[in-house]
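Here's the structure, in structure tokens; my notes come after.
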Amino acid sequence: MTTLNTPQSIINKQPRSFLAGVLLDMCGRWGARVGLAWIGLVAFFAVFGPLVASSHPILWKTEDGLSSPMLEHLMPADVILLAMTFVAAVLLVCKWIHFGKRVLWFFAIGIVVSILSLVFIKPPQAIVYSQYREALTTEKADWAVMTIVPYSPTDRFREMEETRFLSPTSKHWMGTTGDGEDLCSRMIHACRIALAVGFLSTGIAIFIGVFIGGLMGYFSGWVDLLGMRLVEVFSSIPTIFLLITFVAFYGRNLYLMMIILGLTGWVGYAVFTRAEFLKLREQDFVQAAIACGLPLRSVLFKHMLPNGVTPVLVSASFGVAGAILTESTLSFLGLGLVDEPSWGQMLNQARGQGGVFTWWMAIYPGMAIFLTVFAYNLVGEALRDAIDPQLKKAAQL
Amino acid sequence: MDNRFGFKDWIVCLLLVAILVTLWFKMIQDDRQWDKLAKIQNTLTSQSDELAQLSNKLASGIKVTGVTQSDAQSNANTSTSQGTQQDPFARVRAPMNEPDYASGDWLVYPFGSTVSKLTPMISSDVYQSVIEQHVIEQLANRDPITLEWQPMLAKSWSVSDDGLTIVFKLRDNVSFSDGKPFTSADVVFSYNWIMNPKVAAPRDRAYYDKVESVTAVGPYTVIFKLKETYFKGFDVCAGITILAKHFYGQFTEAQFNESTGLLFGTGPYKLAVAPQDWKPGEGKIELVRNDKYWGIAPALDRIVYREILDDNARLVAFRNGELDRYGPTPEQYVALKKDEQLNKDKQLFEFETITGGYRYIAWNQQLEGKPTIFADKRVRQAMTMLTNRDQMARNLMVGLATPCSSPFHRLGKQANPDVQLWPYSPDKAIALLKEAGFEDRDGDGVIESADGKQFTFKLIYPASSENYKQMAFYLKDAYARAGIAMEPDPLEWSIMIQRINQRKFDAMTLGWSGTIEGDPNQIFHSDQVADGGDNYIHYVNKELDKYIDAARINMNEDERMKLWHKVHAILHEDQPYTFLWTTKAVLYMDNRIKNVQRVKTGINELEEWYVPRKLQRWGL
């Protein structure tokens, strides 16, 4: 039994050890730590935003008894994110289960949870935020426990006369927007869009890019020739103008935007993967895998990909930053989402209708965009340094 | 090598000094020349001013002749004629008695978009019409105070009792800006040019479709014959764009259609360049005073229209004093009002006119052949009662808006004084919706009909406007109170127009501009549902059609107004639109421009303005 176990553990460890080493090395660099810390914060707000900033009380007592409007108003997306974060945390602790199995479990649970919440969670659509404040002042409700930021991102305080463009006070920590919403709450809720745009569009781009690039590199010859022409065609598409045209004709749709960003952004990844695969295909372990008669997908994605994916990961971190910037640009141009918050859209409002510069509308969203893009760049930089053996040697000297 | 500073260097130094001194003298001499020149120019302008005043005095001395009918409203048996004792230039002449009256200086006027065509008829640009009114005159104009028609190029006219025949007597002393006289042939040419199918003026042609023929009797009489009685028949005829036969006749239809700057007429101003040479996209359009003007010459030498596209850039230009006239957005107005120094330097006009138009929400009653939620009158009434127009006017329009109840302006005679606005009352609205079968049956916060149809809809509005966006959010929050889920859907302008023309929307919000006596036929008559008419909400009410038809052919003003009042009451009851508000216009004028006055149609024409000699800034 022991003789059988050893080679398997080697096979398991061999492809991972380089990646793991790179990741560990990267985390040792201070730039990456700062970057990861910021991304972690943004990710935290992306997941727990509805629990941090909401006009709905966490718990309140009315004539009908105790209830939690906040939980009743959670959207399916909120529930999915919260549940999946919980599942991920549990699975991380379960170290005795095989890693691949845990990933499989994660996705399986993810699909089930998504379907269940999309089918069963039906939050009220027409929301009157002022009802809570009115109930509390007219003593229809005895008490309420609010979230840290007690305002929802689309709460426009209609029961009050004028709340537009208020500068930061103790009540509204970051001031209010041109529609009278609390800026702090919008900043928190915009984290999800910033992250989603980056990850989804880059995910799609990597998937397509690695697939096409892998085929091009492995087969070379006329496949490579055709593939490179495709790359040239796609690299000449002006993404921003394409997005503007799509928004104009098919309306505002965040998912469409992400998909277009992904469909046009794969070129770089394809080129990187192709170069790596061209290098790897002549190497002994690939030849051995082919000689063993392994199927093509196994050779390509199980043996070659782990060895050639690192440069792609580096450029992916820059790609995420680029996607966030693109979304902000579109929102800034007024082509983004209508009601849901996004940093670029808030920055757009800073220009001020009345020719008055509202500094809080410029500084907070501007800093958020800057820091997030900066964080991704820091991580990417650290990743590249960790991978490049020559740089590593220079650092050690 | 010891002697570093020799005789030669002395000479060079001296020469240098000499050159500098000569330069200095030359500069002083130039300055003196400039002073002299300015003096000469000053005396010249003051002399030409005196000359102009003299000629104006001479002109006013000569009585403008015409048919003098003691009372325009007299009940003549065969025809009602209107006399012309009024002098069309009385208002231009009035400020000339002021001690500081002087001619000269320019007016700088900002445009928020570029003007691509100046040629009349083929341009649909609102800014083009602003320019055109100073270059091309009409047969008659509305008096800005009484709103009665007063003679302009025509010295008098008579209208037959059935309103089908209008005879204009033209002035014999009118000339175009090149000195050629204006005659009846030009009027006939203008009509024929509009009706020429090769000329790309479909909108004007549709308008003049009601005119059967235009004939000239002698050089100074023109007869318009209409096909059917129409209460605005006179407006149509008197408002015809006068094209000079000798000028426009030299172009073929194709040349005319492709032209950009063919703007030429009898007016007090003309283009600064030859009309054929004008090219769009230069950032500004300049008009200069027409030296050969047949009437009383205006005081301002030149009008400069500057094209500044960005809202904030326009505001900055105004703050820097580069603009003489500025209409701020509501938000800008709030900020500008707080600026004391600026308010000292500018005159502020806040006014509401009948022609100001109104803003509305249109409820589409039929979508893809099926009636929508809004086909029920009670639902539309409820939607109106859910809209807190007072609060929106106060906050979004910063008090510049007044809620309205119909397309007829409350200051006009067409409005029915008995109609009361629908109140803001969510409770009543919810009760009405319940009566119409909408209530929350499944506890999800959104009301639905008995067969489970959720009350959700999309509101389309132009994406470029921040004001419309804020309004859409207001409405969304207001409707949520009754359990109605509304989704704001901003669209690009061209896409929005396309969607409206295809009638593919649930609800939309926009504004209509107004006229002195509006014709609701275009928007609310059931005839206008088909063929791309402006009744894009599929609103059909046969009783309303009857009243509109009756009013349109009634030439008696009192009877017509009674019919319009009925129309108003029906529109109020049916609420095909939720009529939101009429707006006040805000206008800042530079302080140096004098005799800017409020009149019924807004502010008076710039031909009546002047700048005292001491305050003049441009052109000297």
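Going by the structure tokens order, chains are called A, B, ..., each with residues numbered from 1, while ligands are numbered from 1 in the order shown.
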
Inset, instruction - Using DSSP on the backbone coordinates, identify the residues of stretch 140-366 of chain A assigned to alpha helix (DSSP H); present them as JSON, numbers by chain. - result: {"A": [183, 184, 185, 186, 187, 188, 189, 190, 191, 192, 193, 194, 195, 196, 197, 198, 199, 200, 201, 202, 203, 204, 205, 206, 207, 208, 209, 210, 211, 212, 213, 214, 215, 216, 217, 218, 219, 221, 222, 223, 224, 225, 226, 227, 228, 229, 230, 231, 232, 233, 234, 235, 239, 240, 241, 242, 243, 244, 245, 246, 247, 248, 249, 250, 254, 255, 256, 257, 258, 259, 260, 261, 262, 263, 264, 267, 268, 269, 270, 271, 272, 273, 274, 275, 276, 277, 278, 279, 280, 284, 285, 286, 287, 288, 289, 290, 291, 296, 297, 305, 306, 307, 308, 310, 311, 312, 313, 314, 315, 316, 317, 318, 319, 320, 321, 322, 323, 324, 325, 326, 327, 328, 329, 330, 331, 332, 343, 344, 345, 346, 347, 348, 349, 359, 360, 361, 362, 363, 364, 365, 366]}

Legend entry - chain B residues near chain A (9 Å cut-off, only C-alpha atoms) as a ChimeraX atom specification: /B:311-312,315-316,328-336,391,395,443-446,463-464,466,469-470,473-474,476-492,495

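For the residues B:Ser175, B:Ser465, B:Thr266, B:Gln341, ranking by smallest atom-to-atom distance to B:Glu132 using only C-alpha atoms places B:Thr266 first.
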
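Between atom CA of B:Gly399 and atom CA of B:Leu571 there is a distance of 25.6 Å.
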
Inset, instruction - Name the closest residue to B:Pro268 among the candidates B:Gln128, B:Thr384, B:Asn320, B:Gln133; distances are taken between atoms, counting only C-alpha atoms. - result: B:Gln133

Legend entry - Polymer residues at most 8 Å from B:Ala154, only C-alpha atoms, same-chain spacing of 5 or more positions, as a list in words: Leu139, Ala140, Phe168, Lys169, Leu170 and Arg171 of chain B

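For the pair atom CA of B:Asn141 and atom CA of B:Lys584, the interatomic distance is 23.7 Å.
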
Quick one: everything within 7 Å of stretch 248-263 of chain B, counting only C-alpha atoms, minus sequence neighbours fewer than 3 positions away in the same chain. Send it as a PDB file with all heavy atoms, in the first residue's frame.
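See result-v4.pdb below for the written result:
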ATOM      1  N   SER B 116     -26.584  73.556 -37.061  1.00  0.00           N
ATOM      2  CA  SER B 116     -25.971  73.027 -38.272  1.00  0.00           C
ATOM      3  C   SER B 116     -26.547  73.677 -39.525  1.00  0.00           C
ATOM      4  O   SER B 116     -25.910  73.664 -40.565  1.00  0.00           O
ATOM      5  CB  SER B 116     -26.157  71.517 -38.332  1.00  0.00           C
ATOM      6  OG  SER B 116     -27.523  71.213 -38.199  1.00  0.00           O
ATOM      7  N   LYS B 117     -27.756  74.230 -39.424  1.00  0.00           N
ATOM      8  CA  LYS B 117     -28.403  74.810 -40.607  1.00  0.00           C
ATOM      9  C   LYS B 117     -29.085  76.102 -40.244  1.00  0.00           C
ATOM     10  O   LYS B 117     -29.792  76.172 -39.247  1.00  0.00           O
ATOM     11  CB  LYS B 117     -29.449  73.834 -41.137  1.00  0.00           C
ATOM     12  CG  LYS B 117     -28.921  72.943 -42.205  1.00  0.00           C
ATOM     13  CD  LYS B 117     -29.983  72.076 -42.790  1.00  0.00           C
ATOM     14  CE  LYS B 117     -29.299  71.097 -43.729  1.00  0.00           C
ATOM     15  NZ  LYS B 117     -30.163  70.246 -44.430  1.00  0.00           N
ATOM     16  N   LEU B 118     -28.882  77.123 -41.063  1.00  0.00           N
ATOM     17  CA  LEU B 118     -29.593  78.378 -40.860  1.00  0.00           C
ATOM     18  C   LEU B 118     -30.694  78.565 -41.893  1.00  0.00           C
ATOM     19  O   LEU B 118     -31.540  79.436 -41.752  1.00  0.00           O
ATOM     20  CB  LEU B 118     -28.627  79.561 -40.928  1.00  0.00           C
ATOM     21  CG  LEU B 118     -27.666  79.718 -39.760  1.00  0.00           C
ATOM     22  CD1 LEU B 118     -26.819  80.966 -39.957  1.00  0.00           C
ATOM     23  CD2 LEU B 118     -28.424  79.829 -38.455  1.00  0.00           C
ATOM     24  N   THR B 119     -30.654  77.770 -42.963  1.00  0.00           N
ATOM     25  CA  THR B 119     -31.639  77.918 -44.020  1.00  0.00           C
ATOM     26  C   THR B 119     -33.044  77.689 -43.460  1.00  0.00           C
ATOM     27  O   THR B 119     -33.282  76.675 -42.823  1.00  0.00           O
ATOM     28  CB  THR B 119     -31.370  76.897 -45.137  1.00  0.00           C
ATOM     29  OG1 THR B 119     -29.993  76.982 -45.471  1.00  0.00           O
ATOM     30  CG2 THR B 119     -32.228  77.171 -46.346  1.00  0.00           C
ATOM     31  N   PRO B 120     -33.978  78.636 -43.668  1.00  0.00           N
ATOM     32  CA  PRO B 120     -35.319  78.445 -43.134  1.00  0.00           C
ATOM     33  C   PRO B 120     -36.016  77.256 -43.785  1.00  0.00           C
ATOM     34  O   PRO B 120     -35.617  76.796 -44.847  1.00  0.00           O
ATOM     35  CB  PRO B 120     -36.028  79.757 -43.454  1.00  0.00           C
ATOM     36  CG  PRO B 120     -35.222  80.388 -44.527  1.00  0.00           C
ATOM     37  CD  PRO B 120     -33.827  79.909 -44.354  1.00  0.00           C
ATOM     38  N   ILE B 122     -36.045  74.162 -43.939  1.00  0.00           N
ATOM     39  CA  ILE B 122     -35.458  72.824 -43.902  1.00  0.00           C
ATOM     40  C   ILE B 122     -34.749  72.566 -42.571  1.00  0.00           C
ATOM     41  O   ILE B 122     -34.293  71.472 -42.324  1.00  0.00           O
ATOM     42  CB  ILE B 122     -34.478  72.579 -45.075  1.00  0.00           C
ATOM     43  CG1 ILE B 122     -33.357  73.606 -45.053  1.00  0.00           C
ATOM     44  CG2 ILE B 122     -35.204  72.599 -46.394  1.00  0.00           C
ATOM     45  CD1 ILE B 122     -32.237  73.276 -45.991  1.00  0.00           C
ATOM     46  N   LYS B 198     -40.285  68.970 -54.006  1.00  0.00           N
ATOM     47  CA  LYS B 198     -38.842  68.719 -54.040  1.00  0.00           C
ATOM     48  C   LYS B 198     -38.106  69.422 -52.908  1.00  0.00           C
ATOM     49  O   LYS B 198     -36.945  69.117 -52.643  1.00  0.00           O
ATOM     50  CB  LYS B 198     -38.281  69.210 -55.385  1.00  0.00           C
ATOM     51  CG  LYS B 198     -38.614  68.288 -56.540  1.00  0.00           C
ATOM     52  CD  LYS B 198     -37.892  68.783 -57.777  1.00  0.00           C
ATOM     53  CE  LYS B 198     -38.490  68.199 -59.033  1.00  0.00           C
ATOM     54  NZ  LYS B 198     -38.184  69.054 -60.190  1.00  0.00           N
ATOM     55  N   VAL B 199     -38.767  70.365 -52.263  1.00  0.00           N
ATOM     56  CA  VAL B 199     -38.135  71.071 -51.151  1.00  0.00           C
ATOM     57  C   VAL B 199     -38.336  70.247 -49.877  1.00  0.00           C
ATOM     58  O   VAL B 199     -39.433  69.779 -49.605  1.00  0.00           O
ATOM     59  CB  VAL B 199     -38.753  72.477 -50.981  1.00  0.00           C
ATOM     60  CG1 VAL B 199     -38.211  73.146 -49.738  1.00  0.00           C
ATOM     61  CG2 VAL B 199     -38.473  73.316 -52.202  1.00  0.00           C
ATOM     62  N   ALA B 200     -37.253  70.058 -49.144  1.00  0.00           N
ATOM     63  CA  ALA B 200     -37.308  69.171 -47.972  1.00  0.00           C
ATOM     64  C   ALA B 200     -37.906  69.887 -46.768  1.00  0.00           C
ATOM     65  O   ALA B 200     -37.247  70.096 -45.756  1.00  0.00           O
ATOM     66  CB  ALA B 200     -35.902  68.660 -47.654  1.00  0.00           C
ATOM     67  N   LEU B 243     -39.762  84.363 -48.189  1.00  0.00           N
ATOM     68  CA  LEU B 243     -38.507  84.139 -48.905  1.00  0.00           C
ATOM     69  C   LEU B 243     -38.431  85.123 -50.072  1.00  0.00           C
ATOM     70  O   LEU B 243     -39.400  85.278 -50.817  1.00  0.00           O
ATOM     71  CB  LEU B 243     -38.450  82.709 -49.441  1.00  0.00           C
ATOM     72  CG  LEU B 243     -38.537  81.583 -48.419  1.00  0.00           C
ATOM     73  CD1 LEU B 243     -38.392  80.237 -49.104  1.00  0.00           C
ATOM     74  CD2 LEU B 243     -37.471  81.735 -47.351  1.00  0.00           C
ATOM     75  N   ALA B 244     -37.287  85.754 -50.221  1.00  0.00           N
ATOM     76  CA  ALA B 244     -37.120  86.715 -51.315  1.00  0.00           C
ATOM     77  C   ALA B 244     -37.008  85.960 -52.630  1.00  0.00           C
ATOM     78  O   ALA B 244     -36.167  85.073 -52.777  1.00  0.00           O
ATOM     79  CB  ALA B 244     -35.875  87.553 -51.068  1.00  0.00           C
ATOM     80  N   LYS B 245     -37.871  86.337 -53.569  1.00  0.00           N
ATOM     81  CA  LYS B 245     -37.892  85.613 -54.846  1.00  0.00           C
ATOM     82  C   LYS B 245     -36.565  85.770 -55.587  1.00  0.00           C
ATOM     83  O   LYS B 245     -36.024  84.812 -56.134  1.00  0.00           O
ATOM     84  CB  LYS B 245     -39.048  86.132 -55.696  1.00  0.00           C
ATOM     85  CG  LYS B 245     -39.288  85.287 -56.929  1.00  0.00           C
ATOM     86  CD  LYS B 245     -40.438  85.830 -57.741  1.00  0.00           C
ATOM     87  CE  LYS B 245     -40.613  84.989 -58.986  1.00  0.00           C
ATOM     88  NZ  LYS B 245     -41.632  85.541 -59.870  1.00  0.00           N
ATOM     89  N   PRO B 275     -24.725  84.998 -47.077  1.00  0.00           N
ATOM     90  CA  PRO B 275     -25.436  83.758 -46.728  1.00  0.00           C
ATOM     91  C   PRO B 275     -24.845  82.518 -47.398  1.00  0.00           C
ATOM     92  O   PRO B 275     -24.821  81.440 -46.791  1.00  0.00           O
ATOM     93  CB  PRO B 275     -26.849  84.026 -47.228  1.00  0.00           C
ATOM     94  CG  PRO B 275     -26.992  85.494 -47.214  1.00  0.00           C
ATOM     95  CD  PRO B 275     -25.641  86.055 -47.509  1.00  0.00           C
ATOM     96  N   GLN B 276     -24.342  82.648 -48.628  1.00  0.00           N
ATOM     97  CA  GLN B 276     -23.808  81.476 -49.311  1.00  0.00           C
ATOM     98  C   GLN B 276     -22.519  80.979 -48.671  1.00  0.00           C
ATOM     99  O   GLN B 276     -22.161  79.820 -48.807  1.00  0.00           O
ATOM    100  CB  GLN B 276     -23.514  81.785 -50.792  1.00  0.00           C
ATOM    101  CG  GLN B 276     -24.746  81.972 -51.631  1.00  0.00           C
ATOM    102  CD  GLN B 276     -25.114  83.436 -51.769  1.00  0.00           C
ATOM    103  OE1 GLN B 276     -24.954  84.207 -50.818  1.00  0.00           O
ATOM    104  NE2 GLN B 276     -25.605  83.834 -52.923  1.00  0.00           N
ATOM    105  N   TRP B 278     -21.751  81.056 -45.400  1.00  0.00           N
ATOM    106  CA  TRP B 278     -21.824  80.650 -43.987  1.00  0.00           C
ATOM    107  C   TRP B 278     -21.599  79.161 -43.837  1.00  0.00           C
ATOM    108  O   TRP B 278     -22.151  78.354 -44.576  1.00  0.00           O
ATOM    109  CB  TRP B 278     -23.176  81.036 -43.405  1.00  0.00           C
ATOM    110  CG  TRP B 278     -23.219  80.793 -41.936  1.00  0.00           C
ATOM    111  CD1 TRP B 278     -22.768  81.611 -40.950  1.00  0.00           C
ATOM    112  CD2 TRP B 278     -23.718  79.616 -41.285  1.00  0.00           C
ATOM    113  NE1 TRP B 278     -22.957  81.022 -39.729  1.00  0.00           N
ATOM    114  CE2 TRP B 278     -23.528  79.804 -39.899  1.00  0.00           C
ATOM    115  CE3 TRP B 278     -24.291  78.414 -41.712  1.00  0.00           C
ATOM    116  CZ2 TRP B 278     -23.900  78.854 -38.967  1.00  0.00           C
ATOM    117  CZ3 TRP B 278     -24.657  77.477 -40.775  1.00  0.00           C
ATOM    118  CH2 TRP B 278     -24.463  77.696 -39.412  1.00  0.00           C
ATOM    119  N   LYS B 279     -20.749  78.794 -42.874  1.00  0.00           N
ATOM    120  CA  LYS B 279     -20.466  77.381 -42.609  1.00  0.00           C
ATOM    121  C   LYS B 279     -20.740  77.089 -41.144  1.00  0.00           C
ATOM    122  O   LYS B 279     -20.399  77.901 -40.288  1.00  0.00           O
ATOM    123  CB  LYS B 279     -18.988  77.078 -42.901  1.00  0.00           C
ATOM    124  CG  LYS B 279     -18.622  77.148 -44.372  1.00  0.00           C
ATOM    125  CD  LYS B 279     -18.890  75.823 -45.069  1.00  0.00           C
ATOM    126  CE  LYS B 279     -18.656  75.908 -46.562  1.00  0.00           C
ATOM    127  NZ  LYS B 279     -19.448  76.958 -47.236  1.00  0.00           N
TER     128      LYS B 279
END

Inset, instruction - For atom CA of B:Thr241 and atom CA of B:Gly179, determine how far apart the two atoms are, in Å to one decimal place. - result: 18.9 Å

Inset, instruction - Would you please extract all strand (DSSP E or B) residues from stretch 435-590 of chain B, as assigned by DSSP on the backbone, and give them as a VMD selection string? - result: chain B and resid 439 448 454 456 to 462 485 to 491 507 to 512 577 to 583 585 to 590

Selection file, N, CA and C atoms, as an mmCIF file, in the first residue's frame:
data_model
loop_
_atom_site.group_PDB
_atom_site.id
_atom_site.type_symbol
_atom_site.label_atom_id
_atom_site.label_comp_id
_atom_site.auth_asym_id
_atom_site.auth_seq_id
_atom_site.Cartn_x
_atom_site.Cartn_y
_atom_site.Cartn_z
ATOM 1 N N GLU B 439 -55.241 45.204 -5.462
ATOM 2 C CA GLU B 439 -54.814 45.198 -4.064
ATOM 3 C C GLU B 439 -53.777 44.096 -3.861
ATOM 4 N N GLU B 448 -51.823 43.704 -7.018
ATOM 5 C CA GLU B 448 -52.062 43.017 -8.281
ATOM 6 C C GLU B 448 -53.558 42.936 -8.554
ATOM 7 N N GLN B 454 -49.363 41.753 -11.772
ATOM 8 C CA GLN B 454 -48.674 42.676 -10.870
ATOM 9 C C GLN B 454 -48.687 44.094 -11.430
ATOM 10 N N THR B 456 -46.645 46.561 -12.017
ATOM 11 C CA THR B 456 -45.276 47.057 -12.194
ATOM 12 C C THR B 456 -45.186 47.648 -13.588
ATOM 13 N N PHE B 457 -44.398 48.700 -13.735
ATOM 14 C CA PHE B 457 -44.227 49.282 -15.065
ATOM 15 C C PHE B 457 -42.911 50.040 -15.131
ATOM 16 N N LYS B 458 -42.516 50.354 -16.363
ATOM 17 C CA LYS B 458 -41.277 51.111 -16.581
ATOM 18 C C LYS B 458 -41.618 52.518 -17.033
ATOM 19 N N LEU B 459 -40.900 53.472 -16.498
ATOM 20 C CA LEU B 459 -41.072 54.862 -16.921
ATOM 21 C C LEU B 459 -39.857 55.258 -17.753
ATOM 22 N N ILE B 460 -40.087 55.659 -19.001
ATOM 23 C CA ILE B 460 -38.939 56.070 -19.817
ATOM 24 C C ILE B 460 -38.798 57.585 -19.781
ATOM 25 N N TYR B 461 -37.548 58.026 -19.785
ATOM 26 C CA TYR B 461 -37.260 59.464 -19.752
ATOM 27 C C TYR B 461 -35.894 59.695 -20.380
ATOM 28 N N PRO B 462 -35.613 60.905 -20.849
ATOM 29 C CA PRO B 462 -34.324 61.144 -21.506
ATOM 30 C C PRO B 462 -33.155 61.017 -20.537
ATOM 31 N N ALA B 485 -44.761 49.090 -8.158
ATOM 32 C CA ALA B 485 -43.318 49.025 -8.400
ATOM 33 C C ALA B 485 -43.014 49.647 -9.749
ATOM 34 N N MET B 486 -42.398 50.818 -9.727
ATOM 35 C CA MET B 486 -42.042 51.502 -10.969
ATOM 36 C C MET B 486 -40.535 51.419 -11.160
ATOM 37 N N GLU B 487 -40.131 51.150 -12.406
ATOM 38 C CA GLU B 487 -38.703 51.039 -12.685
ATOM 39 C C GLU B 487 -38.283 52.171 -13.610
ATOM 40 N N PRO B 488 -37.398 53.047 -13.163
ATOM 41 C CA PRO B 488 -36.933 54.116 -14.046
ATOM 42 C C PRO B 488 -36.115 53.526 -15.195
ATOM 43 N N ASP B 489 -36.364 53.996 -16.409
ATOM 44 C CA ASP B 489 -35.672 53.450 -17.583
ATOM 45 C C ASP B 489 -35.176 54.588 -18.468
ATOM 46 N N PRO B 490 -34.010 55.146 -18.146
ATOM 47 C CA PRO B 490 -33.501 56.257 -18.952
ATOM 48 C C PRO B 490 -33.076 55.786 -20.336
ATOM 49 N N LEU B 491 -33.418 56.546 -21.363
ATOM 50 C CA LEU B 491 -33.072 56.168 -22.736
ATOM 51 C C LEU B 491 -32.350 57.318 -23.420
ATOM 52 N N ALA B 507 -45.021 53.956 -19.661
ATOM 53 C CA ALA B 507 -45.268 55.338 -19.276
ATOM 54 C C ALA B 507 -44.030 56.142 -19.619
ATOM 55 N N MET B 508 -44.207 57.418 -19.865
ATOM 56 C CA MET B 508 -43.051 58.245 -20.175
ATOM 57 C C MET B 508 -43.275 59.635 -19.625
ATOM 58 N N THR B 509 -42.201 60.366 -19.460
ATOM 59 C CA THR B 509 -42.355 61.742 -19.023
ATOM 60 C C THR B 509 -41.523 62.650 -19.905
ATOM 61 N N LEU B 510 -42.135 63.762 -20.297
ATOM 62 C CA LEU B 510 -41.480 64.756 -21.151
ATOM 63 C C LEU B 510 -42.230 66.081 -20.980
ATOM 64 N N GLY B 511 -41.938 67.018 -21.847
ATOM 65 C CA GLY B 511 -42.666 68.281 -21.808
ATOM 66 C C GLY B 511 -43.148 68.665 -23.193
ATOM 67 N N TRP B 512 -44.252 69.416 -23.243
ATOM 68 C CA TRP B 512 -44.710 70.008 -24.498
ATOM 69 C C TRP B 512 -44.522 71.509 -24.388
ATOM 70 N N TYR B 577 -52.930 62.095 -19.484
ATOM 71 C CA TYR B 577 -51.622 62.434 -18.948
ATOM 72 C C TYR B 577 -51.836 62.755 -17.480
ATOM 73 N N THR B 578 -50.773 62.580 -16.679
ATOM 74 C CA THR B 578 -50.742 63.295 -15.413
ATOM 75 C C THR B 578 -50.031 64.600 -15.721
ATOM 76 N N PHE B 579 -50.797 65.676 -15.723
ATOM 77 C CA PHE B 579 -50.198 66.979 -16.025
ATOM 78 C C PHE B 579 -49.412 67.409 -14.809
ATOM 79 N N LEU B 580 -48.129 67.685 -14.978
ATOM 80 C CA LEU B 580 -47.308 67.970 -13.805
ATOM 81 C C LEU B 580 -47.281 69.454 -13.481
ATOM 82 N N TRP B 581 -46.590 70.209 -14.309
ATOM 83 C CA TRP B 581 -46.489 71.629 -13.964
ATOM 84 C C TRP B 581 -46.082 72.468 -15.165
ATOM 85 N N THR B 582 -46.358 73.751 -15.023
ATOM 86 C CA THR B 582 -45.807 74.722 -15.969
ATOM 87 C C THR B 582 -44.622 75.359 -15.266
ATOM 88 N N THR B 583 -43.641 75.756 -16.035
ATOM 89 C CA THR B 583 -42.439 76.281 -15.379
ATOM 90 C C THR B 583 -42.247 77.769 -15.648
ATOM 91 N N ALA B 585 -39.624 80.706 -16.424
ATOM 92 C CA ALA B 585 -38.309 80.848 -17.030
ATOM 93 C C ALA B 585 -37.492 81.796 -16.160
ATOM 94 N N VAL B 586 -36.202 81.532 -16.092
ATOM 95 C CA VAL B 586 -35.299 82.417 -15.355
ATOM 96 C C VAL B 586 -34.274 82.933 -16.335
ATOM 97 N N LEU B 587 -34.025 84.213 -16.290
ATOM 98 C CA LEU B 587 -33.108 84.800 -17.255
ATOM 99 C C LEU B 587 -32.263 85.860 -16.563
ATOM 100 N N TYR B 588 -30.960 85.729 -16.734
ATOM 101 C CA TYR B 588 -30.062 86.775 -16.251
ATOM 102 C C TYR B 588 -29.652 87.636 -17.433
ATOM 103 N N MET B 589 -29.683 88.961 -17.260
ATOM 104 C CA MET B 589 -29.236 89.865 -18.318
ATOM 105 C C MET B 589 -28.148 90.739 -17.742
ATOM 106 N N ASP B 590 -27.177 91.073 -18.559
ATOM 107 C CA ASP B 590 -26.120 91.954 -18.102
ATOM 108 C C ASP B 590 -26.713 93.322 -17.777
#

Legend entry - From B:Lys566, B:Lys36, B:Lys370, B:Arg359, residue lying nearest B:Gln414 [only C-alpha atoms]: B:Lys566

Legend entry - Nearest to B:Ile136, chosen from B:Ala185, B:Ile240, B:Leu107, B:Ala216, with only C-alpha atoms counted in the distances: B:Ile240

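Nearest-residue note for A:Leu215: choosing from A:Ser185, A:Thr273, A:Thr245, A:Thr147, the minimum distance belongs to A:Thr273, counting only C-alpha atoms.
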
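With only C-alpha atoms as the atoms that count, the minimum distance from A:Ser328 to the choices A:Thr176, A:Ser342, A:Ser114, A:Thr310 is reached by A:Ser342.
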